[in-house]
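Just start-v4.cif here, mmCIF, C-alpha atoms:
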data_run
loop_
_atom_site.label_atom_id
_atom_site.label_comp_id
_atom_site.auth_asym_id
_atom_site.auth_seq_id
_atom_site.Cartn_x
_atom_site.Cartn_y
_atom_site.Cartn_z
CA MET A 570 -10.73 19.44 -9.78
CA LYS A 571 -10.05 15.91 -10.93
CA SER A 572 -13.00 14.67 -12.89
CA LEU A 573 -14.09 11.37 -14.36
CA ALA A 574 -14.04 13.04 -17.77
CA GLU A 575 -10.32 13.44 -17.36
CA LEU A 576 -10.12 9.74 -16.61
CA GLN A 577 -11.98 9.06 -19.83
CA ALA A 578 -9.32 10.95 -21.74
CA ILE A 579 -6.65 8.89 -20.02
CA ARG A 580 -8.49 5.76 -21.08
CA GLU A 581 -8.55 6.78 -24.73
CA ARG A 582 -4.85 7.59 -24.64
CA ALA A 583 -3.98 4.37 -22.85
CA LYS A 584 -5.98 2.28 -25.28
CA ALA A 585 -4.26 3.86 -28.25
CA GLU A 586 -0.86 3.22 -26.72
CA LEU A 587 -1.72 -0.31 -25.71
CA ASN A 588 -1.84 -1.37 -29.34
CA LEU A 589 1.70 -0.18 -29.82
CA ARG A 590 3.37 -1.84 -26.91
CA LYS A 591 1.45 -4.85 -25.52
CA GLU A 592 3.10 -6.92 -22.80
CA ASN A 593 6.82 -6.49 -22.61
CA PRO A 594 8.37 -9.95 -22.14
CA ASN A 595 11.73 -8.43 -21.20
CA SER A 596 10.45 -6.24 -18.44
CA ALA A 597 12.49 -6.17 -15.27
CA ARG A 598 10.87 -6.45 -11.88
CA VAL A 599 11.54 -4.58 -8.68
CA LEU A 600 10.05 -6.34 -5.66
CA VAL A 601 9.81 -4.38 -2.44
CA GLY A 602 9.28 -6.36 0.77
CA MET A 603 6.07 -5.01 2.28
CA ALA A 604 5.18 -7.25 5.18
CA THR A 605 4.97 -5.87 8.72
CA CYS A 606 8.76 -5.90 9.03
CA GLY A 607 9.39 -4.11 5.74
CA ILE A 608 6.71 -1.48 6.31
CA ALA A 609 7.96 -0.74 9.82
CA ALA A 610 11.52 -0.38 8.52
CA GLY A 611 10.46 2.18 5.89
CA ALA A 612 9.60 0.24 2.76
CA ARG A 613 6.86 2.61 1.64
CA PRO A 614 9.09 5.60 0.83
CA VAL A 615 11.46 3.19 -0.92
CA LEU A 616 8.67 1.86 -3.13
CA ASN A 617 7.50 5.39 -3.86
CA ALA A 618 11.05 6.43 -4.74
CA PHE A 619 11.37 3.55 -7.24
CA THR A 620 8.06 4.45 -8.86
CA GLU A 621 9.03 8.12 -9.12
CA GLU A 622 12.53 7.50 -10.43
CA ILE A 623 11.25 5.05 -13.04
CA ALA A 624 8.49 7.43 -14.11
CA LYS A 625 10.99 10.30 -14.33
CA ARG A 626 13.05 8.26 -16.77
CA GLY A 627 9.99 7.06 -18.69
CA LEU A 628 10.79 3.41 -18.03
CA GLN A 629 7.33 2.33 -16.83
CA GLU A 630 7.00 -0.09 -19.71
CA ASP A 631 10.33 -1.77 -19.05
CA ILE A 632 10.29 -2.03 -15.28
CA THR A 633 7.47 -3.02 -12.98
CA VAL A 634 7.56 -2.11 -9.31
CA THR A 635 5.55 -4.32 -7.05
CA GLN A 636 5.30 -5.37 -3.44
CA THR A 637 6.07 -8.74 -1.99
CA GLY A 638 5.77 -10.37 1.42
CA CYS A 639 8.35 -11.16 4.06
CA ILE A 640 11.22 -13.20 2.69
CA GLY A 641 12.58 -14.02 6.12
CA ILE A 642 15.44 -11.58 6.57
CA CYS A 643 13.58 -9.00 8.60
CA GLN A 644 16.77 -7.56 10.15
CA PHE A 645 17.82 -6.37 6.67
CA GLU A 646 14.58 -4.60 5.79
CA PRO A 647 13.74 -2.66 3.72
CA VAL A 648 14.68 -5.41 1.28
CA VAL A 649 14.38 -4.97 -2.47
CA GLU A 650 14.83 -7.70 -5.05
CA VAL A 651 15.70 -6.82 -8.63
CA GLU A 652 14.91 -9.37 -11.31
CA ILE A 653 16.15 -8.82 -14.84
CA PRO A 654 15.28 -11.58 -17.32
CA GLY A 655 18.31 -13.74 -18.07
CA GLU A 656 20.25 -12.48 -15.08
CA GLU A 657 20.63 -13.65 -11.54
CA LYS A 658 18.27 -12.08 -9.00
CA VAL A 659 19.92 -9.42 -6.85
CA THR A 660 18.84 -8.70 -3.27
CA TYR A 661 19.44 -5.20 -1.92
CA VAL A 662 19.17 -4.66 1.81
CA LYS A 663 18.64 -1.75 4.20
CA MET A 664 17.35 0.32 1.32
CA THR A 665 16.53 3.99 1.61
CA PRO A 666 14.90 6.39 -0.87
CA GLU A 667 18.35 7.96 -1.32
CA LYS A 668 19.84 4.70 -2.57
CA VAL A 669 17.08 4.16 -5.12
CA ALA A 670 18.34 6.49 -7.87
CA ARG A 671 21.63 4.62 -8.03
CA VAL A 672 20.01 1.21 -8.22
CA VAL A 673 17.80 2.42 -11.06
CA ASN A 674 20.63 4.12 -12.91
CA ASP A 675 23.46 1.63 -12.38
CA HIS A 676 21.62 -1.65 -12.21
CA LEU A 677 18.30 -1.38 -14.03
CA VAL A 678 19.51 0.92 -16.79
CA ASN A 679 23.22 0.15 -17.14
CA LYS A 680 23.17 -3.44 -15.85
CA ASN A 681 25.88 -2.92 -13.24
CA VAL A 682 24.88 -4.35 -9.87
CA VAL A 683 25.42 -1.87 -7.00
CA THR A 684 27.44 -4.38 -5.01
CA GLU A 685 27.81 -2.28 -1.87
CA TYR A 686 24.04 -2.25 -1.29
CA THR A 687 23.57 -6.00 -1.80
CA ILE A 688 23.01 -8.53 0.92
CA GLY A 689 26.43 -10.05 0.21
CA ALA A 690 28.20 -6.82 1.15
CA ASN A 691 26.15 -6.34 4.31
CA THR A 692 26.49 -9.61 6.16
CA MET B 335 4.88 1.80 13.27
CA ARG B 336 5.54 5.50 12.93
CA GLU B 337 2.24 6.24 11.24
CA LEU B 338 -1.18 4.63 11.49
CA SER B 339 -1.35 4.71 7.70
CA LEU B 340 1.41 2.10 7.75
CA ASN B 341 -0.66 -0.13 10.02
CA VAL B 342 -3.48 0.23 7.50
CA MET B 343 -1.22 -0.83 4.65
CA ASP B 344 -0.06 -3.80 6.66
CA VAL B 345 -3.47 -5.00 7.77
CA ALA B 346 -4.94 -4.44 4.29
CA GLN B 347 -2.36 -6.94 3.02
CA ASN B 348 -4.20 -9.57 5.02
CA SER B 349 -7.32 -8.80 3.01
CA VAL B 350 -5.34 -9.15 -0.20
CA ARG B 351 -4.01 -12.49 0.93
CA ALA B 352 -7.51 -13.58 1.93
CA ASN B 353 -8.45 -13.23 -1.77
CA ALA B 354 -10.76 -10.31 -1.19
CA GLN B 355 -12.48 -8.79 -4.22
CA LEU B 356 -13.47 -5.64 -2.40
CA VAL B 357 -11.70 -3.90 0.46
CA THR B 358 -13.35 -0.93 2.14
CA ILE B 359 -11.16 1.36 4.18
CA LYS B 360 -12.88 4.01 6.24
CA VAL B 361 -11.08 6.78 8.12
CA GLU B 362 -13.31 8.96 10.29
CA GLU B 363 -11.70 11.87 12.06
CA SER B 364 -13.30 14.34 14.40
CA GLU B 365 -11.24 17.07 15.92
CA LYS B 366 -14.26 18.18 17.94
CA ASN B 367 -14.64 14.80 19.58
CA HIS B 368 -10.94 14.05 19.74
CA SER B 369 -11.63 10.85 17.92
CA LEU B 370 -10.37 8.86 14.99
CA SER B 371 -11.60 5.53 13.79
CA ILE B 372 -10.15 3.36 11.10
CA SER B 373 -11.91 0.34 9.71
CA ILE B 374 -10.85 -2.18 7.11
CA GLN B 375 -13.51 -4.48 5.77
CA ASP B 376 -13.06 -7.19 3.19
CA ASP B 377 -15.04 -9.92 1.50
CA GLY B 378 -12.18 -12.40 1.63
CA CYS B 379 -12.07 -15.94 2.94
CA GLY B 380 -12.53 -14.94 6.58
CA MET B 381 -11.32 -16.77 9.65
CA THR B 382 -12.62 -19.32 12.10
CA GLU B 383 -13.19 -18.42 15.75
CA GLU B 384 -9.95 -20.18 16.61
CA GLN B 385 -7.89 -18.35 13.98
CA LEU B 386 -9.43 -15.09 15.15
CA GLN B 387 -8.05 -15.67 18.63
CA GLN B 388 -4.64 -16.36 17.14
CA VAL B 389 -4.35 -13.19 15.08
CA ILE B 390 -4.65 -10.93 18.09
CA ASP B 391 -2.06 -12.90 20.05
CA PRO B 392 1.39 -12.12 18.69
CA PHE B 393 3.03 -14.94 20.60
CA PHE B 394 0.85 -17.68 19.29
CA THR B 395 2.20 -17.32 15.82
CA THR B 396 4.76 -19.47 14.11
CA ARG B 397 6.94 -18.13 11.34
CA THR B 398 5.42 -20.44 8.77
CA THR B 399 1.85 -19.42 9.49
CA ARG B 400 1.47 -16.47 7.19
CA LYS B 401 -1.98 -15.46 8.34
CA VAL B 402 -0.82 -14.44 11.76
CA GLY B 403 1.96 -12.28 12.97
CA LEU B 404 2.55 -8.83 14.32
CA GLY B 405 0.35 -6.86 11.93
CA VAL B 406 -2.93 -7.09 13.81
CA PRO B 407 -1.39 -6.95 17.32
CA LEU B 408 0.48 -3.74 16.44
CA PHE B 409 -2.69 -2.18 15.05
CA LYS B 410 -4.59 -3.21 18.19
CA MET B 411 -1.89 -1.80 20.43
CA SER B 412 -1.86 1.53 18.58
CA ALA B 413 -5.54 2.01 19.45
CA GLU B 414 -5.59 0.63 22.97
CA GLN B 415 -2.60 2.67 24.09
CA THR B 416 -4.66 5.81 23.52
CA GLY B 417 -7.56 4.51 25.57
CA GLY B 418 -9.40 3.59 22.40
CA ASP B 419 -10.98 0.36 21.24
CA PHE B 420 -10.15 -2.39 18.84
CA GLU B 421 -12.36 -5.03 17.36
CA ILE B 422 -11.97 -7.71 14.77
CA LYS B 423 -14.87 -9.74 13.45
CA SER B 424 -14.70 -12.47 10.91
CA GLU B 425 -16.79 -15.14 9.32
CA VAL B 426 -15.48 -17.93 7.15
CA GLY B 427 -16.48 -17.34 3.54
CA LYS B 428 -17.84 -13.87 4.25
CA GLY B 429 -14.88 -11.73 5.18
CA THR B 430 -13.26 -9.80 7.98
CA LEU B 431 -13.82 -6.43 9.62
CA THR B 432 -11.05 -4.80 11.59
CA LYS B 433 -11.79 -1.57 13.41
CA ALA B 434 -9.59 0.60 15.59
CA SER B 435 -10.81 3.66 17.48
CA TYR B 436 -8.49 6.27 18.94
CA VAL B 437 -8.59 9.03 21.52
CA THR B 438 -6.59 11.53 19.52
CA ASP B 439 -5.51 13.88 22.30
CA HIS B 440 -3.90 11.05 24.24
CA MET B 441 -0.15 11.30 24.73
CA ASP B 442 0.43 7.95 23.05
CA MET B 443 -1.54 8.79 19.93
CA THR B 444 0.30 7.87 16.74
CA PRO B 445 -0.27 10.32 13.87
CA LEU B 446 -2.42 9.08 11.01
CA GLY B 447 0.33 9.96 8.56
CA ASP B 448 0.18 9.72 4.81
CA ILE B 449 -2.95 7.65 4.31
CA ASN B 450 -3.19 8.71 0.66
CA SER B 451 0.17 7.13 -0.06
CA THR B 452 -1.10 3.92 1.53
CA MET B 453 -4.21 3.94 -0.67
CA SER B 454 -2.21 4.73 -3.78
CA ILE B 455 0.17 1.83 -3.20
CA LEU B 456 -2.63 -0.59 -2.36
CA ILE B 457 -4.48 0.25 -5.57
CA ARG B 458 -1.37 0.34 -7.75
CA CYS B 459 0.00 -2.97 -6.47
CA ASN B 460 -3.33 -4.80 -6.51
CA PRO B 461 -5.01 -3.60 -9.69
CA ASP B 462 -7.37 -6.59 -9.75
CA ILE B 463 -8.90 -5.84 -6.37
CA ASP B 464 -11.44 -3.10 -5.80
CA PHE B 465 -10.92 -0.59 -3.03
CA VAL B 466 -13.34 1.86 -1.51
CA PHE B 467 -11.71 4.59 0.52
CA ILE B 468 -13.86 6.88 2.62
CA HIS B 469 -12.23 9.70 4.55
CA SER B 470 -14.22 12.08 6.70
CA THR B 471 -13.49 14.98 9.02
CA ASP B 472 -15.66 17.58 10.76
CA ASN B 473 -15.61 19.50 7.47
CA GLY B 474 -16.94 16.78 5.21
CA SER B 475 -16.00 13.58 3.51
CA PHE B 476 -15.01 12.06 0.22
CA THR B 477 -15.02 8.63 -1.34
CA LEU B 478 -12.74 6.97 -3.84
CA ASP B 479 -14.34 3.86 -5.30
CA THR B 480 -12.21 1.96 -7.79
CA ARG B 481 -15.33 0.23 -9.13
CA GLU B 482 -16.47 3.61 -10.45
CA LEU B 483 -13.05 4.27 -11.97
CA ARG B 484 -13.02 0.82 -13.55
CA GLU B 485 -16.35 1.53 -15.18
CA VAL B 486 -14.94 4.63 -16.83
CA LEU B 487 -11.64 2.99 -17.71
CA GLN B 488 -13.24 0.05 -19.56
CA GLY B 489 -10.43 -2.43 -19.34
CA VAL B 490 -7.55 0.00 -18.93
CA SER B 491 -5.75 -1.16 -15.81
CA LEU B 492 -5.79 0.83 -12.58
CA ASP B 493 -2.01 0.61 -12.42
CA THR B 494 -1.51 2.50 -15.69
CA PRO B 495 0.86 5.36 -14.77
CA ASP B 496 -1.54 8.12 -15.87
CA VAL B 497 -4.37 6.55 -13.90
CA VAL B 498 -2.18 6.27 -10.81
CA GLU B 499 -1.33 9.92 -11.16
CA TRP B 500 -5.00 10.81 -11.49
CA ILE B 501 -5.76 8.85 -8.33
CA ASN B 502 -2.93 10.57 -6.43
CA GLU B 503 -4.08 14.02 -7.46
CA PHE B 504 -7.71 13.20 -6.68
CA LEU B 505 -6.78 12.03 -3.19
CA GLU B 506 -4.63 15.09 -2.59
CA GLU B 507 -7.32 17.51 -3.75
CA GLN B 508 -10.10 15.91 -1.78
CA THR B 509 -7.98 15.65 1.34
CA ARG B 510 -7.19 19.34 1.15
CA LEU B 511 -10.89 20.09 1.03
CA ILE B 512 -11.86 18.03 4.05
CA TYR B 513 -8.96 19.36 6.07
CA GLY B 514 -10.31 22.84 5.36
CA GLY B 515 -7.20 23.98 3.52
CA ALA B 516 -7.31 26.61 0.83
CA ASN B 517 -8.31 25.34 -2.57
CA ASN B 518 -4.95 25.84 -4.26
#
Go ahead and render the structure in this file as structure tokens.
Amino acid sequence: MKSLAELQAIRERAKAELNLRKENPNSARVLVGMATCGIAAGARPVLNAFTEEIAKRGLQEDITVTQTGCIGICQFEPVVEVEIPGEEKVTYVKMTPEKVARVVNDHLVNKNVVTEYTIGANT
Amino acid sequence: MRELSLNVMDVAQNSVRANAQLVTIKVEESEKNHSLSISIQDDGCGMTEEQLQQVIDPFFTTRTTRKVGLGVPLFKMSAEQTGGDFEIKSEVGKGTLTKASYVTDHMDMTPLGDINSTMSILIRCNPDIDFVFIHSTDNGSFTLDTRELREVLQGVSLDTPDVVEWINEFLEEQTRLIYGGANN
């Protein structure tokens, strides 16, 4: 059973690690559209896939995954925006959990935009 | 929406946008009574009587008015199409309560779906807001209260990966218990 004592241990570990890393100014951001349109189109499994893939690669400190509202292109949901400091924002459309691994690997890790998934290639 | 848990995620966003500090989400299931009720209560900015009328009318909305849209109407529809009830109460400065009740053996019942995933995302993406999640069935109930976790964590954020994992496993374990499944 999960206990609060276990949580205490996590706290101690997290506090020790916090001193080492602090805020990462170069962290990339993955924004998943999670308004009514995004949710209905399947944004939740996409967000979960990003979180899992990033955790699997141990990149939690370099990439934050967060939700955002409707950006007005509901017909292209699930929409995901990738922001890497110093680079132009990239908008991926009609995302699926299957496409996530490639975006993480090619774009977030190796800095090559997955052009075929972007809004430019789908309009 | 394919799952009611998605409606919950959607409607809970309204609480987030209303600057709520505490959002209480209650899911009460009873197989015996063929009933399910879902309530979302927040202490956010609330709405006026006039705004309240607008949220339940999908066609009154304009694209620029962020407070209104399809979220609440879809949630309302999901309940009413099963012969259930829907209510939304709000007071400016006090908060909003949204409650949907379902007749679960109705043909048009939408499955609850992965409510734990909804809670996990809500907590992870809004680490500064407190959530209380209460889930009950005929077999029992459990509560996840982020205020209690916060007390233990002493400043360590709720979106720390290890904490998120703890929350996920806690939800999974407790859910298995109240659904009467074998304990591992």
* **Hits of the PyMOL selection byres ((chain A) within 9 of (chain B)) in this structure, as a PyMOL selection string** => chain A and resi 570-577+579-581+583-584+587+603-606+608-610+613+616-617+624+629+634-636+638+641
Translate the PyMOL selection byres ((chain B and resi 356) around 12) into a concrete residue list for this structure, as a PDB file with C-alpha atoms, in the coordinates of the input.
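Below is the file part-v8.pdb, written as the result:
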ATOM      1  CA  ALA B 346      -4.940  -4.440   4.290  1.00  0.00           C
ATOM      2  CA  SER B 349      -7.320  -8.800   3.010  1.00  0.00           C
ATOM      3  CA  VAL B 350      -5.340  -9.150  -0.200  1.00  0.00           C
ATOM      4  CA  ALA B 352      -7.510 -13.580   1.930  1.00  0.00           C
ATOM      5  CA  ASN B 353      -8.450 -13.230  -1.770  1.00  0.00           C
ATOM      6  CA  ALA B 354     -10.760 -10.310  -1.190  1.00  0.00           C
ATOM      7  CA  GLN B 355     -12.480  -8.790  -4.220  1.00  0.00           C
ATOM      8  CA  VAL B 357     -11.700  -3.900   0.460  1.00  0.00           C
ATOM      9  CA  THR B 358     -13.350  -0.930   2.140  1.00  0.00           C
ATOM     10  CA  ILE B 359     -11.160   1.360   4.180  1.00  0.00           C
ATOM     11  CA  ILE B 374     -10.850  -2.180   7.110  1.00  0.00           C
ATOM     12  CA  GLN B 375     -13.510  -4.480   5.770  1.00  0.00           C
ATOM     13  CA  ASP B 376     -13.060  -7.190   3.190  1.00  0.00           C
ATOM     14  CA  ASP B 377     -15.040  -9.920   1.500  1.00  0.00           C
ATOM     15  CA  GLY B 378     -12.180 -12.400   1.630  1.00  0.00           C
ATOM     16  CA  CYS B 379     -12.070 -15.940   2.940  1.00  0.00           C
ATOM     17  CA  LYS B 428     -17.840 -13.870   4.250  1.00  0.00           C
ATOM     18  CA  GLY B 429     -14.880 -11.730   5.180  1.00  0.00           C
ATOM     19  CA  THR B 430     -13.260  -9.800   7.980  1.00  0.00           C
ATOM     20  CA  LEU B 456      -2.630  -0.590  -2.360  1.00  0.00           C
ATOM     21  CA  ILE B 457      -4.480   0.250  -5.570  1.00  0.00           C
ATOM     22  CA  ASN B 460      -3.330  -4.800  -6.510  1.00  0.00           C
ATOM     23  CA  PRO B 461      -5.010  -3.600  -9.690  1.00  0.00           C
ATOM     24  CA  ASP B 462      -7.370  -6.590  -9.750  1.00  0.00           C
ATOM     25  CA  ILE B 463      -8.900  -5.840  -6.370  1.00  0.00           C
ATOM     26  CA  ASP B 464     -11.440  -3.100  -5.800  1.00  0.00           C
ATOM     27  CA  PHE B 465     -10.920  -0.590  -3.030  1.00  0.00           C
ATOM     28  CA  VAL B 466     -13.340   1.860  -1.510  1.00  0.00           C
ATOM     29  CA  PHE B 467     -11.710   4.590   0.520  1.00  0.00           C
ATOM     30  CA  ASP B 479     -14.340   3.860  -5.300  1.00  0.00           C
ATOM     31  CA  THR B 480     -12.210   1.960  -7.790  1.00  0.00           C
ATOM     32  CA  ARG B 481     -15.330   0.230  -9.130  1.00  0.00           C
TER      33      ARG B 481
END
* Expanded to explicit residues, what is the PyMOL selection byres ((chain A and resi 642) around 10) for this file, as a PyMOL selection string? -> chain A and resi 602+606-607+639-641+643-648+662+688
* Kindly provide, as an MDAnalysis selection string, the polymer residues lying within 10 Å of (-17.1, 15.3, 4.7), counting all atoms listed in the file and using the coordinates exactly as they appear in the file. => chainID B and resid 362:363 468:477 508:509 511:513
What does the file look like for those residues with C-alpha atoms, as a PDB file, keeping the file's coordinate frame?
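The resulting file, result_9.pdb, is reproduced below:
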ATOM      1  CA  GLU B 362     -13.310   8.960  10.290  1.00  0.00           C
ATOM      2  CA  GLU B 363     -11.700  11.870  12.060  1.00  0.00           C
ATOM      3  CA  ILE B 468     -13.860   6.880   2.620  1.00  0.00           C
ATOM      4  CA  HIS B 469     -12.230   9.700   4.550  1.00  0.00           C
ATOM      5  CA  SER B 470     -14.220  12.080   6.700  1.00  0.00           C
ATOM      6  CA  THR B 471     -13.490  14.980   9.020  1.00  0.00           C
ATOM      7  CA  ASP B 472     -15.660  17.580  10.760  1.00  0.00           C
ATOM      8  CA  ASN B 473     -15.610  19.500   7.470  1.00  0.00           C
ATOM      9  CA  GLY B 474     -16.940  16.780   5.210  1.00  0.00           C
ATOM     10  CA  SER B 475     -16.000  13.580   3.510  1.00  0.00           C
ATOM     11  CA  PHE B 476     -15.010  12.060   0.220  1.00  0.00           C
ATOM     12  CA  THR B 477     -15.020   8.630  -1.340  1.00  0.00           C
ATOM     13  CA  GLN B 508     -10.100  15.910  -1.780  1.00  0.00           C
ATOM     14  CA  THR B 509      -7.980  15.650   1.340  1.00  0.00           C
ATOM     15  CA  LEU B 511     -10.890  20.090   1.030  1.00  0.00           C
ATOM     16  CA  ILE B 512     -11.860  18.030   4.050  1.00  0.00           C
ATOM     17  CA  TYR B 513      -8.960  19.360   6.070  1.00  0.00           C
TER      18      TYR B 513
END
* **Shell around Lys668 in chain A at 10 Å using all atoms listed in the file, local window under 4 positions removed, as a ChimeraX atom specification** => /A:615,618-619,661,663-664,672-673,683,686
* Exercise: Leu677 in chain A partners within 9 Å, only C-alpha atoms, chain neighbours under 4 positions left out, as a PyMOL selection string -> chain A and resi 597+632+651+653+672-673+681-682
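For the atom pair formed by CA of Ala413 in chain B and CA of Tyr436 in chain B, the distance is 5.2 Å, given to one decimal.
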* **Point-to-point distance in Å for CA of Leu338 in chain B and CA of Gly447 in chain B** =>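 Rounded to one decimal, the two atoms are 6.3 Å apart.
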* Work out how far CA of Leu600 in chain A is from CA of Asn691 in chain A, in Å to one decimal. =>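 Pair CA of Asn691 in chain A / CA of Leu600 in chain A returns 18.9 Å.
Proximity to Pro614 in chain A was assessed for A:Asn679, A:Asn674, A:Thr687, A:Thr665 counting all atoms listed in the file; the smallest distance is recorded for A:Thr665.
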* Asked: Of the candidates A:Arg582, A:Asn595, A:Ala670, A:Lys625, which one gets nearest to Glu652 in chain A if we count only C-alpha atoms?
  ->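 Ranked by minimum distance to Glu652 in chain A, first place goes to A:Asn595.
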